[in-house]
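Colleague: One file is attached below, start-v5.cif, containing mmCIF, C-alpha atoms.
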```
data_protein
loop_
_atom_site.label_atom_id
_atom_site.label_comp_id
_atom_site.auth_asym_id
_atom_site.auth_seq_id
_atom_site.Cartn_x
_atom_site.Cartn_y
_atom_site.Cartn_z
CA MET A 1244 -2.94 11.44 -13.53
CA GLN A 1245 -1.69 13.37 -10.54
CA ILE A 1246 1.64 12.37 -9.03
CA ILE A 1247 1.78 13.41 -5.39
CA LYS A 1248 4.85 13.29 -3.20
CA THR A 1249 3.84 14.87 0.10
CA LEU A 1250 1.34 13.89 2.73
CA LYS A 1251 -0.03 17.43 2.81
CA ALA A 1252 -0.69 17.41 -0.95
CA LEU A 1253 -2.23 13.94 -0.75
CA ARG A 1254 -4.66 15.02 1.95
CA ALA A 1255 -5.59 18.15 0.02
CA THR A 1256 -6.18 16.19 -3.19
CA ARG A 1257 -8.15 13.49 -1.40
CA SER A 1258 -10.46 16.07 0.15
CA LEU A 1259 -11.47 17.21 -3.35
CA LEU A 1260 -12.52 13.76 -4.58
CA ASP A 1261 -16.27 13.36 -4.51
CA GLY A 1262 -17.19 9.71 -4.83
CA SER A 1263 -15.68 6.35 -4.02
CA LEU A 1264 -11.94 5.81 -3.98
CA GLY A 1265 -10.15 2.52 -4.54
CA LEU A 1266 -6.57 2.14 -3.32
CA VAL A 1267 -3.95 -0.21 -4.72
CA PRO A 1268 -0.92 -0.20 -2.39
CA THR A 1269 2.31 -1.27 -4.12
CA MET A 1270 6.07 -1.24 -3.78
CA GLY A 1271 6.44 -0.59 -7.50
CA ALA A 1272 7.94 -2.99 -10.04
CA LEU A 1273 4.41 -3.28 -11.39
CA HIS A 1274 3.27 -6.39 -13.24
CA ALA A 1275 0.06 -8.05 -14.44
CA GLY A 1276 -1.02 -8.76 -10.86
CA HIS A 1277 -0.93 -5.06 -10.04
CA THR A 1278 -2.72 -4.07 -13.23
CA SER A 1279 -5.51 -6.54 -12.43
CA LEU A 1280 -5.98 -4.79 -9.07
CA VAL A 1281 -6.10 -1.40 -10.79
CA ASP A 1282 -8.62 -2.70 -13.34
CA LEU A 1283 -10.90 -3.98 -10.58
CA SER A 1284 -10.64 -0.70 -8.66
CA LYS A 1285 -11.46 1.27 -11.79
CA ALA A 1286 -14.51 -0.95 -12.38
CA GLN A 1287 -15.78 -0.59 -8.80
CA CYS A 1288 -14.84 2.96 -7.79
CA ASN A 1289 -15.17 6.51 -9.05
CA TYR A 1290 -11.44 7.11 -8.53
CA THR A 1291 -8.39 4.87 -8.33
CA ALA A 1292 -5.23 5.70 -6.40
CA VAL A 1293 -1.97 3.78 -6.32
CA SER A 1294 0.80 4.14 -3.78
CA ILE A 1295 4.37 3.29 -4.72
CA PHE A 1296 6.60 3.00 -1.67
CA ILE A 1297 9.35 0.48 -1.05
CA ASN A 1298 8.86 0.03 2.67
CA PRO A 1299 12.16 -0.64 4.43
CA LYS A 1300 10.31 -1.58 7.63
CA GLN A 1301 9.14 -4.86 6.10
CA PHE A 1302 12.61 -6.03 5.11
CA ASN A 1303 14.72 -7.69 7.78
CA ASP A 1304 17.57 -8.29 5.34
CA THR A 1305 19.16 -5.13 3.94
CA SER A 1306 20.39 -7.01 0.86
CA ASP A 1307 16.77 -7.86 -0.01
CA LEU A 1308 15.87 -4.19 0.30
CA SER A 1309 18.79 -2.99 -1.80
CA SER A 1310 18.09 -5.56 -4.53
CA TYR A 1311 14.35 -4.88 -4.70
CA PRO A 1312 13.51 -3.94 -8.33
CA ARG A 1313 12.89 -0.27 -9.03
CA ASN A 1314 11.61 1.26 -12.25
CA ILE A 1315 9.51 4.27 -11.28
CA GLU A 1316 9.40 5.72 -14.80
CA ALA A 1317 7.96 2.52 -16.29
CA ASP A 1318 5.53 2.17 -13.37
CA LEU A 1319 4.25 5.72 -13.80
CA ASN A 1320 3.90 5.31 -17.57
CA LEU A 1321 1.89 2.13 -17.09
CA LEU A 1322 -0.39 3.72 -14.48
CA GLU A 1323 -0.99 6.73 -16.69
CA GLU A 1324 -1.89 4.48 -19.64
CA MET A 1325 -4.34 2.67 -17.35
CA GLY A 1326 -6.07 5.90 -16.37
CA VAL A 1327 -5.16 5.91 -12.69
CA ASP A 1328 -6.32 9.14 -11.07
CA LEU A 1329 -3.53 9.67 -8.57
CA VAL A 1330 -0.26 8.14 -7.47
CA TRP A 1331 1.40 8.77 -4.13
CA LEU A 1332 5.16 8.52 -4.51
CA PRO A 1333 6.48 9.59 -1.09
CA SER A 1334 10.06 9.75 0.09
CA LEU A 1335 11.23 7.66 3.02
CA GLU A 1336 11.27 10.79 5.21
CA GLU A 1337 7.70 11.62 4.23
CA VAL A 1338 6.46 8.24 5.47
CA TYR A 1339 8.86 7.84 8.40
CA PRO A 1340 9.92 11.32 9.54
CA PRO A 1341 12.79 11.73 12.01
CA ASN A 1342 11.94 10.33 15.46
CA TYR A 1343 9.19 8.12 14.04
CA GLN A 1344 8.04 5.87 16.89
CA THR A 1345 4.66 4.31 16.11
CA PHE A 1346 4.27 0.81 14.72
CA VAL A 1347 1.23 -1.42 14.24
CA GLU A 1348 1.37 -5.07 15.18
CA VAL A 1349 -1.22 -7.72 14.41
CA ARG A 1350 0.10 -10.16 16.96
CA ASP A 1351 -1.12 -13.71 16.51
CA LEU A 1352 -1.43 -13.69 12.73
CA SER A 1353 2.05 -12.21 12.29
CA LEU A 1354 3.99 -14.79 14.29
CA PRO A 1355 3.79 -18.14 12.45
CA LEU A 1356 4.78 -19.15 8.93
CA GLU A 1357 6.51 -16.30 7.08
CA GLY A 1358 6.41 -14.18 10.22
CA ALA A 1359 8.63 -16.71 11.99
CA ALA A 1360 11.19 -16.56 9.18
CA ARG A 1361 11.06 -12.80 8.65
CA THR A 1362 11.03 -11.16 12.07
CA GLY A 1363 9.27 -7.81 11.97
CA HIS A 1364 8.04 -8.19 8.39
CA PHE A 1365 4.34 -8.07 9.21
CA THR A 1366 4.80 -5.20 11.66
CA GLY A 1367 6.25 -3.25 8.73
CA VAL A 1368 3.38 -4.33 6.48
CA ALA A 1369 0.71 -3.52 9.07
CA THR A 1370 2.24 -0.14 9.83
CA ILE A 1371 2.41 1.04 6.22
CA VAL A 1372 -1.01 -0.36 5.34
CA ALA A 1373 -2.58 1.33 8.37
CA LYS A 1374 -0.95 4.59 7.40
CA LEU A 1375 -2.11 4.28 3.78
CA LEU A 1376 -5.68 3.46 4.78
CA ILE A 1377 -5.81 6.38 7.20
CA VAL A 1378 -4.32 8.87 4.76
CA PHE A 1379 -6.19 7.84 1.60
CA GLN A 1380 -9.50 7.03 3.32
CA PRO A 1381 -10.52 4.69 0.48
CA GLN A 1382 -13.82 2.90 0.41
CA ARG A 1383 -12.01 -0.17 -0.98
CA ALA A 1384 -8.41 -1.36 -0.92
CA TYR A 1385 -7.17 -4.07 -3.27
CA PHE A 1386 -4.62 -6.75 -2.39
CA GLY A 1387 -3.57 -9.88 -4.23
CA ARG A 1388 -4.20 -13.22 -2.60
CA LYS A 1389 -0.68 -14.37 -3.45
CA ASP A 1390 0.30 -13.90 0.18
CA ALA A 1391 -2.56 -15.33 2.20
CA GLN A 1392 -0.91 -14.47 5.51
CA GLN A 1393 -0.44 -10.84 4.50
CA LEU A 1394 -4.07 -10.60 3.40
CA ALA A 1395 -5.18 -12.09 6.74
CA VAL A 1396 -3.04 -9.52 8.60
CA VAL A 1397 -4.51 -6.66 6.57
CA ASN A 1398 -8.08 -7.87 7.11
CA GLN A 1399 -7.50 -8.20 10.85
CA LEU A 1400 -5.90 -4.75 10.99
CA ALA A 1401 -8.90 -3.14 9.27
CA PHE A 1402 -11.31 -5.01 11.55
CA ASP A 1403 -9.45 -4.33 14.81
CA LEU A 1404 -8.99 -0.62 14.10
CA ALA A 1405 -12.59 -0.28 12.82
CA LEU A 1406 -11.34 1.31 9.62
CA PRO A 1407 -14.19 2.21 7.26
CA VAL A 1408 -12.76 0.31 4.29
CA THR A 1409 -13.54 -2.92 2.49
CA ILE A 1410 -10.46 -5.02 1.87
CA ILE A 1411 -10.75 -6.79 -1.47
CA GLY A 1412 -8.65 -9.94 -1.88
CA CYS A 1413 -8.04 -10.53 -5.57
CA PRO A 1414 -6.89 -13.59 -7.51
CA THR A 1415 -3.16 -14.03 -7.97
CA ILE A 1416 -2.06 -13.12 -11.49
CA ARG A 1417 1.54 -13.17 -12.68
#
```
Could the structure of this file be written out as structure tokens, please?

Modeller:
Amino acid sequence: MQIIKTLKALRATRSLLDGSLGLVPTMGALHAGHTSLVDLSKAQCNYTAVSIFINPKQFNDTSDLSSYPRNIEADLNLLEEMGVDLVWLPSLEEVYPPNYQTFVEVRDLSLPLEGAARTGHFTGVATIVAKLLIVFQPQRAYFGRKDAQQLAVVNQLAFDLALPVTIIGCPTIR
């Protein structure tokens, strides 16, 4: 398993992969739901990649961000045991460099329900997912159905931006 920390290294590694790539985007603190996504990717794709990035742009409450569970060592051990091919573990500055100005907004789907209670949450989600899909260029990306609104936002994002990826909504497992 390759652990990659920079965008440059990720792009170089991705360019060497011949065959289909499945992406499982995560914020770490991996559990059975995540492993089910990895298992499905491994069954459907030649390669499986996982991103681990706690995205501050999708938290509107700093206490939620600071209390988000982190156990990178356990996450990496689990992914290695599962046979994941590569893990992108970027720093905050790698994802959002100084003077970062570009955000993605899926307007109508982001406003009601959880979007009304968590202002800016889905803009943060859409921005990081768009970035991940552009950088990894996977054929398939795997998301749990536990958050139906998030899955709808991701599907709309991929459709609107004509991204050449199939978004796979997977059963919720905890």

Colleague: Do a neighbour search on A:Thr1269 at 8 Å with all atoms listed in the file, toss out local chain neighbours closer than 4 positions, and write the hits as a ChimeraX atom specification.

Modeller: /A:1273,1277,1293-1297

Colleague: Any idea what the distance is between atom CA of A:Asp1307 and atom CA of A:Ala1391?

Modeller: 20.8 Å

Colleague: So, counting only C-alpha atoms, which residue among A:Leu1259, A:Ile1371, A:Leu1321, A:Leu1266 is closest to A:Ile1411?

Modeller: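 Under the stated criterion, the closest residue is A:Leu1266.
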
Colleague: So how many Å separate atom CA of A:Gly1276 and atom CA of A:Gly1387, to one decimal?

Modeller: 7.2 Å

Colleague: Select, from A:Val1349, A:Leu1394, A:Ile1377, A:Leu1322, the residue with the minimum atom-to-atom distance to A:Gly1363, counting all atoms listed in the file.

Modeller: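 Among the listed residues, the smallest separation from A:Gly1363 belongs to A:Val1349.
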
Colleague: Which of these residues is nearest to A:Asp1261, using only C-alpha atoms: A:Asn1289, A:Gln1399, A:Thr1249, A:Asn1314?

Modeller: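 For A:Asp1261, the nearest of the given residues is A:Asn1289.
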
Colleague: Using the chain letters and residue numbers of this document, give as an mmCIF file with C-alpha atoms, in the coordinates of the input the residues selected by the PyMOL selection byres ((chain A and resi 1260) around 12).

Modeller:
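Final output, saved to result.cif:
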```cif
data_model
loop_
_atom_site.group_PDB
_atom_site.id
_atom_site.type_symbol
_atom_site.label_atom_id
_atom_site.label_comp_id
_atom_site.auth_asym_id
_atom_site.auth_seq_id
_atom_site.Cartn_x
_atom_site.Cartn_y
_atom_site.Cartn_z
ATOM 1 C CA LEU A 1253 -2.230 13.940 -0.750
ATOM 2 C CA ARG A 1254 -4.660 15.020 1.950
ATOM 3 C CA ALA A 1255 -5.590 18.150 0.020
ATOM 4 C CA THR A 1256 -6.180 16.190 -3.190
ATOM 5 C CA ARG A 1257 -8.150 13.490 -1.400
ATOM 6 C CA SER A 1258 -10.460 16.070 0.150
ATOM 7 C CA LEU A 1259 -11.470 17.210 -3.350
ATOM 8 C CA ASP A 1261 -16.270 13.360 -4.510
ATOM 9 C CA GLY A 1262 -17.190 9.710 -4.830
ATOM 10 C CA SER A 1263 -15.680 6.350 -4.020
ATOM 11 C CA LEU A 1264 -11.940 5.810 -3.980
ATOM 12 C CA GLY A 1265 -10.150 2.520 -4.540
ATOM 13 C CA CYS A 1288 -14.840 2.960 -7.790
ATOM 14 C CA ASN A 1289 -15.170 6.510 -9.050
ATOM 15 C CA TYR A 1290 -11.440 7.110 -8.530
ATOM 16 C CA THR A 1291 -8.390 4.870 -8.330
ATOM 17 C CA ALA A 1292 -5.230 5.700 -6.400
ATOM 18 C CA ASP A 1328 -6.320 9.140 -11.070
ATOM 19 C CA LEU A 1329 -3.530 9.670 -8.570
ATOM 20 C CA PHE A 1379 -6.190 7.840 1.600
ATOM 21 C CA GLN A 1380 -9.500 7.030 3.320
ATOM 22 C CA PRO A 1381 -10.520 4.690 0.480
#
```

Colleague: Hey, can you check how far atom CA of A:Gly1367 sits from atom CA of A:Val1347?

Modeller: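 Interatomic distance here is 7.7 Å.
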
Colleague: May I ask which of the residues A:Val1396, A:Leu1376, A:Val1408, A:Ala1369 is the closest one to A:Thr1345, counting all atoms listed in the file?

Modeller: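 Between A:Val1396, A:Leu1376, A:Val1408, A:Ala1369, the residue approaching A:Thr1345 most closely is A:Ala1369.
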
Colleague: Quick one: apply the PyMOL selection byres ((chain A and resi 1413) around 7) to the file and drop the selected residues here as a ChimeraX atom specification.

Modeller: /A:1385-1388,1411-1412,1414-1415

Colleague: Between A:Gln1245, A:Gln1344, A:Ser1353, A:Asn1303, single out the one closest to A:Ala1395, counting only C-alpha atoms.

Modeller: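 Closest to A:Ala1395 of all the choices is A:Ser1353.
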
Colleague: Would you mind putting back all heavy atoms on stretch 1248-1259 of chain A, then writing it out as a short mmCIF file (atom, residue, chain, number, x, y, z; two decimals), keeping the file's coordinate frame?

Modeller:
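The result, written out as rebuild23.cif:
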```cif
data_model
loop_
_atom_site.label_atom_id
_atom_site.label_comp_id
_atom_site.auth_asym_id
_atom_site.auth_seq_id
_atom_site.Cartn_x
_atom_site.Cartn_y
_atom_site.Cartn_z
N LYS A 1248 3.69 13.75 -3.97
CA LYS A 1248 4.85 13.29 -3.20
C LYS A 1248 4.76 13.60 -1.71
O LYS A 1248 5.47 12.98 -0.92
CB LYS A 1248 6.13 13.88 -3.79
CG LYS A 1248 6.38 13.36 -5.19
CD LYS A 1248 7.72 13.72 -5.72
CE LYS A 1248 7.92 13.07 -7.08
NZ LYS A 1248 9.25 13.26 -7.60
N THR A 1249 3.90 14.52 -1.32
CA THR A 1249 3.84 14.87 0.10
C THR A 1249 2.50 14.46 0.71
O THR A 1249 1.48 14.39 0.03
CB THR A 1249 4.04 16.38 0.32
OG1 THR A 1249 2.90 17.08 -0.21
CG2 THR A 1249 5.34 16.86 -0.32
N LEU A 1250 2.54 14.23 1.99
CA LEU A 1250 1.34 13.89 2.73
C LEU A 1250 0.34 15.05 2.70
O LEU A 1250 -0.86 14.84 2.52
CB LEU A 1250 1.74 13.56 4.17
CG LEU A 1250 0.70 13.00 5.10
CD1 LEU A 1250 0.03 11.78 4.52
CD2 LEU A 1250 1.34 12.68 6.44
N LYS A 1251 0.84 16.25 2.83
CA LYS A 1251 -0.03 17.43 2.81
C LYS A 1251 -0.78 17.53 1.47
O LYS A 1251 -1.99 17.75 1.43
CB LYS A 1251 0.80 18.68 3.05
CG LYS A 1251 -0.01 19.95 3.09
CD LYS A 1251 0.87 21.15 3.38
CE LYS A 1251 0.04 22.42 3.41
NZ LYS A 1251 0.84 23.61 3.70
N ALA A 1252 -0.06 17.35 0.37
CA ALA A 1252 -0.69 17.41 -0.95
C ALA A 1252 -1.67 16.26 -1.15
O ALA A 1252 -2.73 16.43 -1.76
CB ALA A 1252 0.38 17.41 -2.04
N LEU A 1253 -1.33 15.08 -0.63
CA LEU A 1253 -2.23 13.94 -0.75
C LEU A 1253 -3.54 14.21 -0.02
O LEU A 1253 -4.62 13.99 -0.56
CB LEU A 1253 -1.57 12.68 -0.21
CG LEU A 1253 -2.45 11.43 -0.20
CD1 LEU A 1253 -2.95 11.08 -1.58
CD2 LEU A 1253 -1.70 10.27 0.42
N ARG A 1254 -3.44 14.72 1.19
CA ARG A 1254 -4.66 15.02 1.95
C ARG A 1254 -5.51 16.08 1.25
O ARG A 1254 -6.73 15.98 1.21
CB ARG A 1254 -4.29 15.45 3.37
CG ARG A 1254 -3.86 14.30 4.23
CD ARG A 1254 -3.69 14.70 5.67
NE ARG A 1254 -3.53 13.52 6.49
CZ ARG A 1254 -2.63 13.41 7.45
NH1 ARG A 1254 -1.81 14.41 7.72
NH2 ARG A 1254 -2.56 12.30 8.15
N ALA A 1255 -4.85 17.09 0.71
CA ALA A 1255 -5.59 18.15 0.02
C ALA A 1255 -6.28 17.60 -1.22
O ALA A 1255 -7.46 17.90 -1.47
CB ALA A 1255 -4.64 19.29 -0.35
N THR A 1256 -5.60 16.79 -1.99
CA THR A 1256 -6.18 16.19 -3.19
C THR A 1256 -7.32 15.25 -2.83
O THR A 1256 -8.38 15.28 -3.46
CB THR A 1256 -5.10 15.44 -3.99
OG1 THR A 1256 -4.08 16.37 -4.36
CG2 THR A 1256 -5.68 14.80 -5.23
N ARG A 1257 -7.11 14.44 -1.81
CA ARG A 1257 -8.15 13.49 -1.40
C ARG A 1257 -9.43 14.21 -0.99
O ARG A 1257 -10.53 13.76 -1.28
CB ARG A 1257 -7.63 12.60 -0.25
CG ARG A 1257 -8.69 11.65 0.33
CD ARG A 1257 -9.17 10.69 -0.75
NE ARG A 1257 -10.18 9.77 -0.26
CZ ARG A 1257 -11.48 9.84 -0.58
NH1 ARG A 1257 -11.93 10.82 -1.35
NH2 ARG A 1257 -12.32 8.94 -0.14
N SER A 1258 -9.28 15.34 -0.33
CA SER A 1258 -10.46 16.07 0.15
C SER A 1258 -11.31 16.60 -1.00
O SER A 1258 -12.49 16.90 -0.81
CB SER A 1258 -10.05 17.22 1.07
OG SER A 1258 -9.43 18.25 0.33
N LEU A 1259 -10.75 16.70 -2.19
CA LEU A 1259 -11.47 17.21 -3.35
C LEU A 1259 -12.20 16.12 -4.15
O LEU A 1259 -12.98 16.42 -5.03
CB LEU A 1259 -10.50 17.94 -4.29
CG LEU A 1259 -9.79 19.16 -3.69
CD1 LEU A 1259 -8.76 19.70 -4.67
CD2 LEU A 1259 -10.79 20.22 -3.28
#
```
